[in-house]
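File shown here: structure_0.tsv, holding TSV, C-alpha atoms.
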```tsv
chain	number	residue	atom	x	y	z
H	897	MET	CA	-37.08	4.91	7.34
H	898	PRO	CA	-34.05	4.31	5.13
H	899	ASP	CA	-32.45	0.89	5.11
H	900	ILE	CA	-29.89	0.75	7.91
H	901	THR	CA	-27.75	-1.77	6.03
H	902	ALA	CA	-27.40	0.60	3.10
H	903	ILE	CA	-26.48	3.45	5.42
H	904	ILE	CA	-23.77	1.48	7.20
H	905	THR	CA	-22.41	0.17	3.91
H	906	SER	CA	-22.15	3.69	2.56
H	907	GLU	CA	-20.58	4.94	5.78
H	908	VAL	CA	-17.87	2.31	5.79
H	909	GLU	CA	-17.25	2.73	2.08
H	910	ILE	CA	-16.89	6.50	2.37
H	911	PHE	CA	-14.69	6.18	5.47
H	912	LEU	CA	-12.32	3.64	3.90
H	913	LEU	CA	-12.02	5.49	0.61
H	914	ALA	CA	-11.56	8.86	2.32
H	915	LEU	CA	-8.94	7.50	4.71
H	916	PHE	CA	-7.01	5.79	1.92
H	917	GLY	CA	-7.39	8.87	-0.26
H	918	ILE	CA	-5.96	11.14	2.43
H	919	ILE	CA	-3.06	8.77	3.12
H	920	ALA	CA	-2.32	8.38	-0.60
H	921	MET	CA	-2.42	12.15	-1.04
H	922	GLN	CA	-0.13	12.70	1.93
H	923	LEU	CA	2.28	10.10	0.57
H	924	LEU	CA	2.36	11.79	-2.82
H	925	THR	CA	2.76	15.31	-1.44
H	926	GLY	CA	5.45	14.27	1.02
H	927	GLU	CA	3.43	15.06	4.16
H	928	ILE	CA	3.96	11.41	5.05
H	929	SER	CA	7.71	11.15	4.75
H	930	THR	CA	9.00	8.75	2.12
H	931	LYS	CA	12.55	10.01	2.51
H	932	ASN	CA	15.14	7.38	1.60
H	933	LEU	CA	12.44	4.78	0.93
H	934	LEU	CA	14.56	3.27	-1.83
H	935	TYR	CA	17.87	3.79	-0.07
H	936	GLY	CA	19.69	1.69	2.48
H	937	ARG	CA	22.42	2.63	4.89
H	938	LYS	CA	25.86	1.15	5.11
H	939	ASN	CA	26.40	1.50	8.80
H	940	ASP	CA	30.01	0.57	8.78
H	941	THR	CA	32.77	0.14	6.24
H	942	GLY	CA	34.40	-2.41	8.44
H	943	GLU	CA	37.82	-0.88	7.92
H	944	PRO	CA	39.88	-0.99	11.11
H	945	ILE	CA	40.92	2.17	12.97
H	946	VAL	CA	44.50	1.49	13.99
H	947	GLN	CA	46.16	3.58	16.69
H	948	ALA	CA	49.70	2.78	17.76
H	949	GLY	CA	49.45	-0.56	16.08
H	950	VAL	CA	46.26	-1.50	17.94
H	951	VAL	CA	42.83	-1.84	16.34
H	952	LYS	CA	40.64	0.59	18.29
H	953	GLY	CA	37.49	-0.04	16.37
H	954	ARG	CA	36.07	0.09	12.91
H	955	LYS	CA	35.27	3.08	10.75
H	956	ARG	CA	31.68	4.13	10.55
H	957	ASP	CA	30.41	5.03	7.15
H	958	ASP	CA	26.70	5.55	7.54
H	959	THR	CA	26.30	6.58	3.93
H	960	LEU	CA	23.21	6.06	1.85
H	961	TYR	CA	23.24	3.71	-1.09
H	962	PHE	CA	20.64	3.19	-3.78
H	963	SER	CA	19.02	-0.12	-2.96
H	964	PRO	CA	17.85	-2.36	-5.85
H	965	GLU	CA	16.43	-4.84	-3.32
H	966	ARG	CA	14.01	-2.17	-2.12
H	967	VAL	CA	13.04	-1.28	-5.69
H	968	GLN	CA	12.17	-4.89	-6.55
H	969	LEU	CA	10.17	-5.21	-3.32
H	970	LEU	CA	8.27	-2.02	-4.15
H	971	ILE	CA	7.47	-3.29	-7.65
H	972	PHE	CA	6.31	-6.72	-6.46
H	973	THR	CA	4.29	-5.21	-3.62
H	974	LEU	CA	2.46	-2.68	-5.81
H	975	GLY	CA	2.01	-5.23	-8.60
H	976	ALA	CA	0.53	-7.82	-6.26
H	977	ALA	CA	-1.71	-5.23	-4.61
H	978	PHE	CA	-3.15	-3.88	-7.86
H	979	TYR	CA	-3.58	-7.33	-9.35
H	980	TYR	CA	-5.46	-8.65	-6.33
H	981	LEU	CA	-7.67	-5.56	-6.11
H	982	THR	CA	-8.70	-6.00	-9.75
H	983	GLN	CA	-9.43	-9.68	-9.04
H	984	VAL	CA	-11.65	-8.70	-6.11
H	985	LEU	CA	-13.50	-6.03	-8.08
H	986	ASN	CA	-14.11	-8.44	-11.01
H	987	ASN	CA	-14.86	-11.46	-8.87
H	988	PRO	CA	-17.42	-13.79	-10.56
H	989	ASN	CA	-18.35	-15.29	-7.17
H	990	PRO	CA	-19.64	-12.46	-4.97
H	991	GLY	CA	-19.15	-12.96	-1.27
H	992	THR	CA	-15.90	-14.89	-1.57
H	993	PHE	CA	-12.27	-13.93	-1.81
H	994	PRO	CA	-10.83	-14.72	-5.23
H	995	PRO	CA	-8.10	-17.34	-4.94
H	996	LEU	CA	-4.47	-16.28	-5.15
H	997	PRO	CA	-2.23	-17.95	-7.73
H	998	GLN	CA	-0.24	-20.59	-5.89
H	999	SER	CA	3.09	-19.15	-6.97
H	1000	TRP	CA	2.40	-15.80	-5.31
H	1001	PRO	CA	3.46	-16.54	-1.76
H	1002	ALA	CA	6.73	-17.90	-3.15
H	1003	VAL	CA	7.28	-14.83	-5.33
H	1004	ILE	CA	6.45	-12.31	-2.59
H	1005	GLY	CA	8.35	-14.37	-0.06
H	1006	GLY	CA	11.38	-14.45	-2.36
H	1007	SER	CA	11.15	-10.72	-2.90
H	1008	ASN	CA	11.08	-10.12	0.85
H	1009	ALA	CA	13.98	-12.52	1.33
H	1010	VAL	CA	16.06	-10.54	-1.19
H	1011	PHE	CA	15.15	-7.33	0.63
H	1012	LEU	CA	16.10	-8.74	4.02
H	1013	GLY	CA	19.27	-10.26	2.60
H	1014	GLY	CA	20.36	-6.88	1.27
H	1015	LYS	CA	19.54	-5.22	4.56
H	1016	ALA	CA	21.45	-7.81	6.57
H	1017	TYR	CA	24.39	-7.57	4.16
H	1018	SER	CA	24.70	-3.80	4.56
H	1019	ARG	CA	24.14	-3.74	8.30
H	1020	ILE	CA	25.75	-6.89	9.63
H	1021	TRP	CA	28.06	-8.47	7.10
H	1022	LYS	CA	29.77	-5.16	6.23
H	1023	ARG	CA	29.98	-4.13	9.86
H	1024	ASN	CA	31.87	-7.28	10.65
H	1025	GLY	CA	34.32	-6.67	7.86
H	1026	GLY	CA	32.96	-9.22	5.42
H	1027	LEU	CA	34.47	-12.63	4.88
H	1028	LYS	CA	37.91	-13.03	6.39
M	563	MET	CA	-61.39	4.37	11.80
M	564	ILE	CA	-57.95	5.28	13.01
M	565	GLU	CA	-55.06	3.78	11.04
M	566	ALA	CA	-52.15	2.44	13.02
M	567	ILE	CA	-48.97	4.42	12.37
M	568	ALA	CA	-45.88	2.27	12.16
M	569	MET	CA	-43.63	3.51	14.97
M	570	PRO	CA	-39.96	2.53	14.94
M	571	SER	CA	-39.13	0.10	17.68
M	572	ALA	CA	-36.55	0.81	20.39
M	573	ALA	CA	-34.20	-1.68	18.76
M	574	MET	CA	-34.43	0.10	15.45
M	575	LEU	CA	-33.85	3.47	17.08
M	576	SER	CA	-30.78	2.05	18.79
M	577	GLU	CA	-29.47	0.85	15.46
M	578	TYR	CA	-29.86	4.30	13.94
M	579	LEU	CA	-28.26	5.89	17.00
M	580	ILE	CA	-25.24	3.58	16.74
M	581	CYS	CA	-25.09	4.35	13.05
M	582	VAL	CA	-24.96	8.10	13.79
M	583	LEU	CA	-22.31	7.61	16.48
M	584	ILE	CA	-20.11	5.56	14.14
M	585	SER	CA	-20.51	8.21	11.44
M	586	GLY	CA	-19.50	10.91	13.90
M	587	LEU	CA	-16.47	8.91	15.00
M	588	GLY	CA	-15.46	8.28	11.39
M	589	ILE	CA	-15.84	11.94	10.46
M	590	ALA	CA	-13.85	13.03	13.53
M	591	ILE	CA	-11.01	10.63	12.67
M	592	LEU	CA	-10.93	11.74	9.05
M	593	TRP	CA	-10.99	15.38	10.05
M	594	MET	CA	-8.16	14.94	12.54
M	595	VAL	CA	-6.08	13.06	9.97
M	596	PHE	CA	-6.81	15.71	7.34
M	597	THR	CA	-5.91	18.62	9.60
M	598	GLY	CA	-2.85	16.92	11.03
M	599	THR	CA	-4.16	16.57	14.60
M	600	ILE	CA	-3.54	12.87	14.05
M	601	ASP	CA	-0.02	13.19	12.72
M	602	LEU	CA	0.76	10.56	10.10
M	603	SER	CA	3.95	12.20	8.87
M	604	ARG	CA	6.04	9.33	10.24
M	605	LEU	CA	3.60	6.57	9.39
M	606	ILE	CA	6.21	4.58	7.47
M	607	THR	CA	9.30	6.11	9.06
M	608	GLU	CA	11.80	4.41	11.31
M	609	ALA	CA	13.25	5.97	14.44
M	610	ASN	CA	16.29	7.17	12.51
M	611	GLY	CA	14.14	9.27	10.14
M	612	ASP	CA	14.37	7.03	7.07
M	613	ALA	CA	11.22	5.63	5.47
M	614	SER	CA	10.87	1.87	5.79
M	615	MET	CA	10.05	-0.37	2.84
M	616	ALA	CA	8.71	-3.07	5.19
M	617	ARG	CA	6.30	-0.62	6.80
M	618	PHE	CA	5.24	0.61	3.37
M	619	GLN	CA	4.51	-2.95	2.27
M	620	PHE	CA	2.48	-3.51	5.43
M	621	LEU	CA	0.50	-0.36	4.69
M	622	VAL	CA	-0.24	-1.37	1.09
M	623	PHE	CA	-1.29	-4.90	2.03
M	624	THR	CA	-3.49	-3.54	4.83
M	625	PHE	CA	-5.19	-1.26	2.30
M	626	VAL	CA	-5.76	-4.09	-0.14
M	627	ILE	CA	-7.00	-6.63	2.38
M	628	SER	CA	-9.36	-4.21	4.12
M	629	LEU	CA	-10.82	-2.96	0.83
M	630	SER	CA	-11.14	-6.54	-0.41
M	631	LEU	CA	-12.86	-7.62	2.79
M	632	PHE	CA	-15.30	-4.75	2.50
M	633	VAL	CA	-16.12	-5.60	-1.13
M	634	VAL	CA	-16.49	-9.31	-0.31
M	635	ILE	CA	-18.84	-8.58	2.62
M	636	VAL	CA	-21.16	-6.21	0.75
M	637	SER	CA	-21.20	-7.98	-2.63
M	638	PRO	CA	-23.63	-10.91	-1.99
M	639	LYS	CA	-27.01	-10.25	-3.65
M	640	ASP	CA	-28.96	-11.41	-0.58
M	641	GLY	CA	-27.32	-8.84	1.68
M	642	PRO	CA	-23.99	-8.31	3.42
M	643	LYS	CA	-22.39	-11.29	5.11
M	644	LEU	CA	-18.97	-12.39	6.22
M	645	PRO	CA	-17.11	-14.75	3.88
M	646	GLU	CA	-17.14	-18.37	4.96
M	647	THR	CA	-13.46	-18.92	4.26
M	648	ILE	CA	-10.39	-16.79	3.79
M	649	PRO	CA	-7.94	-18.30	1.28
M	650	GLY	CA	-4.73	-19.50	2.86
M	651	GLY	CA	-2.75	-17.59	0.25
M	652	ILE	CA	-3.94	-14.25	1.61
M	653	LEU	CA	-3.04	-15.18	5.15
M	654	THR	CA	0.33	-16.41	3.91
M	655	LEU	CA	0.98	-13.10	2.18
M	656	LEU	CA	0.13	-11.17	5.32
M	657	GLY	CA	2.32	-13.53	7.32
M	658	ILE	CA	5.23	-13.01	4.94
M	659	SER	CA	4.82	-9.25	5.18
M	660	GLY	CA	4.62	-9.32	8.97
M	661	SER	CA	7.58	-11.69	9.28
M	662	SER	CA	9.64	-9.57	6.93
M	663	TYR	CA	8.91	-6.52	9.06
M	664	ALA	CA	9.85	-8.39	12.25
M	665	VAL	CA	13.10	-9.77	10.80
M	666	GLY	CA	13.95	-6.32	9.45
M	667	LYS	CA	13.48	-4.95	12.95
M	668	ALA	CA	15.74	-7.63	14.36
M	669	ILE	CA	18.47	-6.70	11.88
M	670	GLN	CA	18.00	-3.08	12.78
M	671	PHE	CA	18.22	-3.72	16.51
M	672	SER	CA	21.50	-5.49	15.93
M	673	ASP	CA	23.03	-2.07	15.28
M	674	PRO	CA	22.29	0.74	17.76
M	675	ALA	CA	23.16	3.38	15.15
M	676	SER	CA	20.13	2.49	13.09
M	677	LEU	CA	17.83	3.16	16.05
M	678	GLU	CA	19.11	6.65	16.78
M	679	GLU	CA	17.25	9.61	15.48
M	680	ARG	CA	19.42	11.46	13.02
M	681	PRO	CA	20.05	15.12	13.77
M	682	VAL	CA	18.55	17.91	11.71
M	683	THR	CA	21.00	18.98	9.01
M	684	VAL	CA	21.09	21.90	6.60
M	685	THR	CA	22.47	21.62	3.08
M	686	ILE	CA	23.02	24.66	0.88
M	687	THR	CA	22.82	24.52	-2.90
M	688	PRO	CA	24.80	25.54	-4.82
M	689	ALA	CA	27.74	24.92	-2.52
M	690	LYS	CA	30.53	26.55	-4.56
M	691	PRO	CA	29.04	28.96	-7.08
M	692	ILE	CA	31.00	31.40	-9.23
M	693	VAL	CA	29.35	34.83	-9.26
M	694	ARG	CA	30.28	37.90	-11.26
M	695	TYR	CA	30.59	41.25	-9.55
M	696	LYS	CA	27.29	43.19	-9.41
M	697	GLU	CA	25.29	40.01	-10.06
M	698	THR	CA	23.09	37.98	-7.76
M	699	GLN	CA	22.93	34.33	-6.80
M	700	GLN	CA	19.91	32.61	-5.27
M	701	PHE	CA	20.83	30.05	-2.61
M	702	HIS	CA	18.57	27.29	-1.38
M	703	ALA	CA	18.77	25.37	1.87
M	704	GLU	CA	17.33	21.91	2.45
M	705	VAL	CA	16.62	21.06	6.07
M	706	THR	CA	16.38	17.32	6.65
M	707	ARG	CA	13.33	16.12	8.60
M	708	LYS	CA	12.08	19.74	8.90
M	709	PRO	CA	11.41	20.81	5.32
M	710	ASP	CA	9.32	23.80	6.44
M	711	ALA	CA	11.86	25.08	8.97
M	712	LYS	CA	12.92	28.71	8.68
M	713	VAL	CA	16.53	29.35	7.69
M	714	HIS	CA	18.62	32.40	8.53
M	715	TRP	CA	21.17	33.50	5.91
M	716	ALA	CA	24.34	35.47	6.58
M	717	VAL	CA	27.62	36.43	4.89
M	718	ILE	CA	30.15	35.40	7.52
M	719	ALA	CA	33.32	36.21	5.56
M	720	GLY	CA	34.18	38.14	2.44
M	721	SER	CA	32.13	40.74	0.65
M	722	GLY	CA	28.61	41.06	-0.71
M	723	THR	CA	25.24	41.04	0.99
M	724	ILE	CA	22.53	38.43	1.40
M	725	ASP	CA	18.86	38.64	2.21
M	726	GLU	CA	18.69	36.93	5.60
M	727	ASP	CA	15.27	35.41	4.85
M	728	THR	CA	15.35	34.49	1.16
M	729	GLY	CA	19.03	33.60	0.60
M	730	LEU	CA	19.43	35.97	-2.35
M	731	TYR	CA	23.11	36.93	-2.45
M	732	LYS	CA	24.26	40.14	-4.13
M	733	ALA	CA	27.90	40.35	-5.14
M	734	PRO	CA	29.77	43.61	-4.53
M	735	ASP	CA	30.02	46.12	-7.38
M	736	ALA	CA	33.80	45.86	-7.66
M	737	PRO	CA	36.70	43.88	-6.23
M	738	ALA	CA	37.67	44.87	-2.71
M	739	THR	CA	41.07	46.28	-1.73
M	740	PRO	CA	42.98	44.20	-0.86
M	741	PRO	CA	41.39	41.64	-3.19
M	742	ALA	CA	39.12	39.09	-1.52
M	743	PRO	CA	37.76	36.89	-4.29
M	744	HIS	CA	35.67	34.71	-2.00
M	745	ALA	CA	32.65	35.11	0.23
M	746	THR	CA	31.36	32.59	2.73
M	747	ILE	CA	27.61	32.18	3.11
M	748	GLN	CA	26.10	30.48	6.12
M	749	ALA	CA	22.58	29.11	6.45
M	750	THR	CA	21.39	28.30	9.96
M	751	CYS	CA	18.15	26.58	10.91
M	752	VAL	CA	16.31	29.01	13.20
M	753	ASP	CA	14.71	26.28	15.33
M	754	TYR	CA	17.92	24.21	15.52
M	755	PRO	CA	20.81	26.71	15.69
M	756	GLU	CA	23.35	23.90	15.84
M	757	ALA	CA	22.30	22.87	12.32
M	758	SER	CA	24.02	24.98	9.70
M	759	ASP	CA	25.91	24.74	6.42
M	760	ILE	CA	28.22	27.00	4.49
M	761	ALA	CA	28.76	27.79	0.82
M	762	VAL	CA	31.76	29.49	-0.68
M	763	VAL	CA	31.24	32.03	-3.45
M	764	THR	CA	34.02	32.73	-5.90
M	765	LEU	CA	33.80	36.27	-7.25
M	766	THR	CA	34.97	36.98	-10.78
```
Take the structure in the file and write it out as structure tokens.
Amino acid sequence: MPDITAIITSEVEIFLLALFGIIAMQLLTGEISTKNLLYGRKNDTGEPIVQAGVVKGRKRDDTLYFSPERVQLLIFTLGAAFYYLTQVLNNPNPGTFPPLPQSWPAVIGGSNAVFLGGKAYSRIWKRNGGLK
Amino acid sequence: MIEAIAMPSAAMLSEYLICVLISGLGIAILWMVFTGTIDLSRLITEANGDASMARFQFLVFTFVISLSLFVVIVSPKDGPKLPETIPGGILTLLGISGSSYAVGKAIQFSDPASLEERPVTVTITPAKPIVRYKETQQFHAEVTRKPDAKVHWAVIAGSGTIDEDTGLYKAPDAPATPPAPHATIQATCVDYPEASDIAVVTLT
């Protein structure tokens, strides 16, 4: 009888690679929507709508803007992912996770903070009309 | 003398049976994903129809960690085994990614507009072409969120004809009397009749 461990290993390997392959293919062909992945939305210009001298609300803008904070997050995410995968595949100590450089959490955390800052700026700060 | 034939034990048979069941489950999942029965088209999409960078990051990190875990488990020379420790850095990265997603959601929930699904819209290109008499102009319509949706084309004002399926406009042979140097083209999404756009042709 064939070795059951080898069978299960092959099964899981084929399943993971096939699943990731299908998802990657669908991402590249657009079947999985990546629409506006690198764009943010300005949900409000913050400009007042004045009727008869009374502020009735604030203008909605809802336009797309190209978002550098998303681009940097994409670059750091893909860079970190590829780097770590190469570390795992060339790991001199089989059976263990290769250690991450200590600066990485700070770098990825900073990148995410920039992304969230940009998102909050466009959605909250602008909606409230910015600094008074 | 009769030699004893090594018969597989019940435990071993169970192992093989489980192995077959897991394979079947895996194949079924892959097949359903491949054929679209499991619809992943909005895997990284927010409710408003825009793709989310935080979800994309989560997806990439999930890929990397699961592949890494698999490689780490199967790589020992004395057989597969779980790693004894998981570096704190990896957990921190996953935590950052998850927290970023959660905070992003909180920002989003602070504005109801970002939670609403955006309506299907149609956009015609070119929007204001200049076409010579007797010549043709091919129009294209992009339907947001429904890229495969069928579009119906019509000339709703002015002269000329248009193929209602392909959007190929044919200008009239000569100026009309009285002169009408413009034609208005309308593209309407068949499945969402309220979604339409117009283009204005200038005839020269």
I need the chain H residues near chain M as a PDB file with C-alpha atoms, in the frame of the given file; criterion: at most 6 Å, counting only C-alpha atoms.
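And here is the file that came out, part-v3.pdb:
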```
ATOM      1  CA  GLU H 927       3.430  15.060   4.160  1.00  0.00           C
ATOM      2  CA  ILE H 928       3.960  11.410   5.050  1.00  0.00           C
ATOM      3  CA  SER H 929       7.710  11.150   4.750  1.00  0.00           C
ATOM      4  CA  THR H 930       9.000   8.750   2.120  1.00  0.00           C
ATOM      5  CA  LYS H 931      12.550  10.010   2.510  1.00  0.00           C
ATOM      6  CA  ASN H 932      15.140   7.380   1.600  1.00  0.00           C
ATOM      7  CA  LEU H 933      12.440   4.780   0.930  1.00  0.00           C
ATOM      8  CA  PRO H 990     -19.640 -12.460  -4.970  1.00  0.00           C
ATOM      9  CA  GLY H 991     -19.150 -12.960  -1.270  1.00  0.00           C
ATOM     10  CA  THR H 992     -15.900 -14.890  -1.570  1.00  0.00           C
ATOM     11  CA  LEU H 996      -4.470 -16.280  -5.150  1.00  0.00           C
ATOM     12  CA  PRO H1001       3.460 -16.540  -1.760  1.00  0.00           C
TER      13      PRO H1001
END
```
Residues near M:Ile747, cut-off 8 Å, only C-alpha atoms, skip fewer than 3 positions along chain, as a PyMOL selection string: chain M and resi 715-719+760-763
Of the listed residues H:Leu924, H:Ile1004, H:Ile904, H:Leu1012, that which approaches H:Phe972 most closely, counting only C-alpha atoms: H:Ile1004
Nearby residues (all atoms listed in the file) at most 10 Å from stretch 690-701 of chain M, same-chain spacing under 4 positions excluded, as a PyMOL selection string: chain M and resi 686+715+722-725+728-737+743-744+746-747+749+760-766
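Distance-wise, atom CA of H:Phe916 and atom CA of H:Gly936 end up 27.0 Å apart.
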Distance query 10 Å from (23.7, 8.6, 1.7) using only C-alpha atoms, result as a list in words: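 Residues close enough to count: Asn932, Tyr935, Gly936, Arg937, Lys938, Asp957, Asp958, Thr959, Leu960, Tyr961 and Phe962 of chain H.
Between atom CA of H:Ser999 and atom CA of H:Tyr979 there is a distance of 13.8 Å.
Across the model, the gap from atom CA of M:Asn610 to atom CA of M:Asp753 is 19.4 Å.
Near stretch 963-971 of chain H, within 7 Å and counting only C-alpha atoms, sit Leu934, Tyr935, Gly936, Gly975, Ser1007, Asn1008, Val1010, Phe1011 and Gly1014 of chain H; Met615 of chain M, not including residues fewer than 4 positions from it in the same chain.
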